[in-house]
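Student: Below you'll find the structure I mean.
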Amino acid sequence: MTIEIEESNVSLGAKIRGLKLNALSEKDWIEVHKAFLKYAVLIFPEQHLTQEEQEQFSARFGKIENLVDNLKTIPLTNKASNGELYEQDSEWMKLLKGNEGWHTDSSYMPLAAKASILSARIVPTTGGETEWADMRAGYEALDNATQKKIEHLNAYHSYFHSQAKIGHTVKQGAGYGFNASDAPLHPLVKTHPETKIPALFIGRHIHIIQGLSEKKTEKLVAKLTDIACKKGTTLLHKWKPGDLVVWDNRCVLHRALPYPLTEERLMLHTRVAGDSRSERAINHATA
Ligand SMILES: [Fe+2]
């Protein structure tokens with residue numbers, strides 16, 4: 001089979017056809033990895049992988065991160081185990097709701113994620129798309145004065161605070177940065193460890209930029225987000241069951257779009273841990 005790469009019409013993202021992710025040859029993997037570094041978001045339509053196959057593909061990118069309840073893959077679904085759809089104001093739906101803000105996965109953990117893998121099982125008739133924004137292009141779009149102003153700034157990322165902003169109190173003990181001082185500290189401009197391209201490292205989990213007030217932090221992050229996630233520059237994917245997407249958390253932001261909560265949506269999510277040398281927070285020891 002020949003790999004077909006269909007570039008998007010924005011600075012990130014490509015659709016890849018002509019290969020089966022559950023039977024990747026070494027040659028195919030080299031092509032996929034090259035495309036991952038170039039496009040940052042790869043969409044593979046009609047793969048229909050099993051959960052185990054998704055984990056095997058994810059492991060090509062590195063060590064799989066343990067998610068909630070130590071699972072390698074979690075179902076992102078609005079359907080409870082009793083078969084009923086969750087109430088909108090339930091704890092779980094508040095957690096999912098958070099995904100509708102621009103973010104990068106696990107930036108609130110001592111080790112931020114390298115890649116995320118998401119596949120569609122059941123999709124609503126409308127909404128529920130995923131959208132990505134290119135933080136390399138976002139950095140490039142800034143004027144020189146702003147680039148200079150932010151190049152040495154660092155920000156504390158806190159899940160506790162990002163969820164609090166949408167009315168969800170994360171229980172103490174989860175270790176998601178209750179105090180600004182112990183929340184993971186990451187540079188605002190990240191040099192990609194493989195491509196060496198600078199990219200903004202922002203998103204909804206930023207609580208405080210070191211040396212700035214909360215108000216000034218909010219203002220600056222909003223300004224950077226507006227520029228980097230400008231309408232017309234982002235990539236949107238309308239899911240079909242069987243699609244799988246992998247993206248590079250080191251240089252893109254993503255968000256989920258809302259959908260009617262009267263309809264079921266089921267996605268499988270796997271996360272690849274970052275490299276300790278490049279994704280470990282500045283204020284946490286290298287392991
Ligand atoms: Fe996410």
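Within each chain, counting starts at residue 1; across the structure tokens, chains are named A, B, ... in the order shown, with ligands numbered 1 upward in that order.
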Which protein, DNA or RNA residues have an atom within 7 Å of ligand 1, counting only C-alpha atoms and all ligand atoms, as a list in words?
Tutor: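 What falls inside 7 Å of ligand 1 is Asn99, His103, Thr104, Asp105, His254 and Arg255 of chain A.
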Student: For the residues in that selection, give me C-alpha atoms as a CSV table (one decimal), in the first residue's frame.
Tutor:
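What follows is the written file out_22.csv:
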chain,number,residue,atom,x,y,z
A,99,ASN,CA,-12.1,19.8,27.6
A,103,HIS,CA,-5.6,23.2,26.5
A,104,THR,CA,-2.6,20.9,26.2
A,105,ASP,CA,-2.9,17.5,27.9
A,254,HIS,CA,-6.9,21.4,21.3
A,255,ARG,CA,-10.5,21.6,22.5
Student: Using only C-alpha atoms, tabulate the residues of stretch 90-123 of chain A lying at most 7 Å from any atom of stretch 277-282 of chain A, each with its closest atom pair and that distance in Å to one decimal, by chain and increasing residue number, as a tab-separated table.
Tutor:
residue	atom	partner	partner_atom	distance
A:Pro110	CA	A:Ala281	CA	5.3
A:Leu111	CA	A:Arg280	CA	4.4
A:Ala112	CA	A:Glu279	CA	5.2
Student: When distances are computed from only C-alpha atoms, which of A:Lys114, A:Ile30, A:Ala35, A:Leu49 shows the smallest separation from A:Gly242?
Tutor: A:Leu49
Student: Can you pull out every residue from stretch 140-209 of chain A that DSSP, working from the backbone, puts in alpha helix (DSSP H), and format the result as a count of residues only?
Tutor: 14
Student: Run DSSP on the backbone of this structure and report the residues of stretch 160-268 of chain A it assigns to strand (DSSP E or B), as a PyMOL selection string.
Tutor: chain A and resi 185-187+189-191+198-200+206-209+235-237+244-248+252-256+266-268
Student: List as number ranges by chain the protein and nucleic acid residues near A:Thr146, meaning an atom at most 12 Å away when only C-alpha atoms are counted, but skip any in the same chain fewer than 3 places from it.
Tutor: A: 138-143, 149-153, 188-189, 200, 220-221, 223-224, 227
Student: Counting only C-alpha atoms, figure out which residue out of A:Ala155, A:Lys27, A:Leu185, A:Ala133 gets nearest to A:Ser213.
Tutor: A:Ala155
Student: Which value, in Å to one decimal, gives the distance between atom CA of A:Lys34 and atom CA of A:Lys72?
Tutor: 24.8 Å
Student: I'd like the interatomic distance between atom CA of A:Lys215 and atom CA of A:Arg250, to a tenth of an Å.
Tutor: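 These two atoms are separated by 25.8 Å.
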Student: Skipping near chain neighbours, those fewer than 4 positions away, what residues fall within 10 Å of A:His205 using only C-alpha atoms, listed as number ranges by chain?
Tutor: A: 98, 101-108, 155-163, 177
Student: Let's have the selection written as a PDB file, in the first residue's frame, with C-alpha atoms.
Tutor:
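Result file out15.pdb:
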ATOM      1  CA  GLY A  98     -13.284  21.352  30.844  1.00  0.00           C
ATOM      2  CA  GLY A 101     -11.446  25.132  26.615  1.00  0.00           C
ATOM      3  CA  TRP A 102      -8.160  25.358  24.679  1.00  0.00           C
ATOM      4  CA  HIS A 103      -5.574  23.231  26.469  1.00  0.00           C
ATOM      5  CA  THR A 104      -2.618  20.935  26.156  1.00  0.00           C
ATOM      6  CA  ASP A 105      -2.921  17.550  27.893  1.00  0.00           C
ATOM      7  CA  SER A 106      -1.298  16.986  31.297  1.00  0.00           C
ATOM      8  CA  SER A 107       0.382  20.413  31.460  1.00  0.00           C
ATOM      9  CA  TYR A 108      -0.865  20.453  35.092  1.00  0.00           C
ATOM     10  CA  ALA A 155       3.753  29.806  33.990  1.00  0.00           C
ATOM     11  CA  TYR A 156       2.227  27.652  36.727  1.00  0.00           C
ATOM     12  CA  HIS A 157      -0.352  25.217  35.333  1.00  0.00           C
ATOM     13  CA  SER A 158      -3.102  24.091  37.690  1.00  0.00           C
ATOM     14  CA  TYR A 159      -5.999  21.732  37.017  1.00  0.00           C
ATOM     15  CA  PHE A 160      -7.556  22.763  40.310  1.00  0.00           C
ATOM     16  CA  HIS A 161      -7.799  26.378  39.148  1.00  0.00           C
ATOM     17  CA  SER A 162      -8.790  25.692  35.528  1.00  0.00           C
ATOM     18  CA  GLN A 163     -11.675  23.491  36.704  1.00  0.00           C
ATOM     19  CA  GLY A 177      -1.772  22.195  41.846  1.00  0.00           C
TER      20      GLY A 177
END
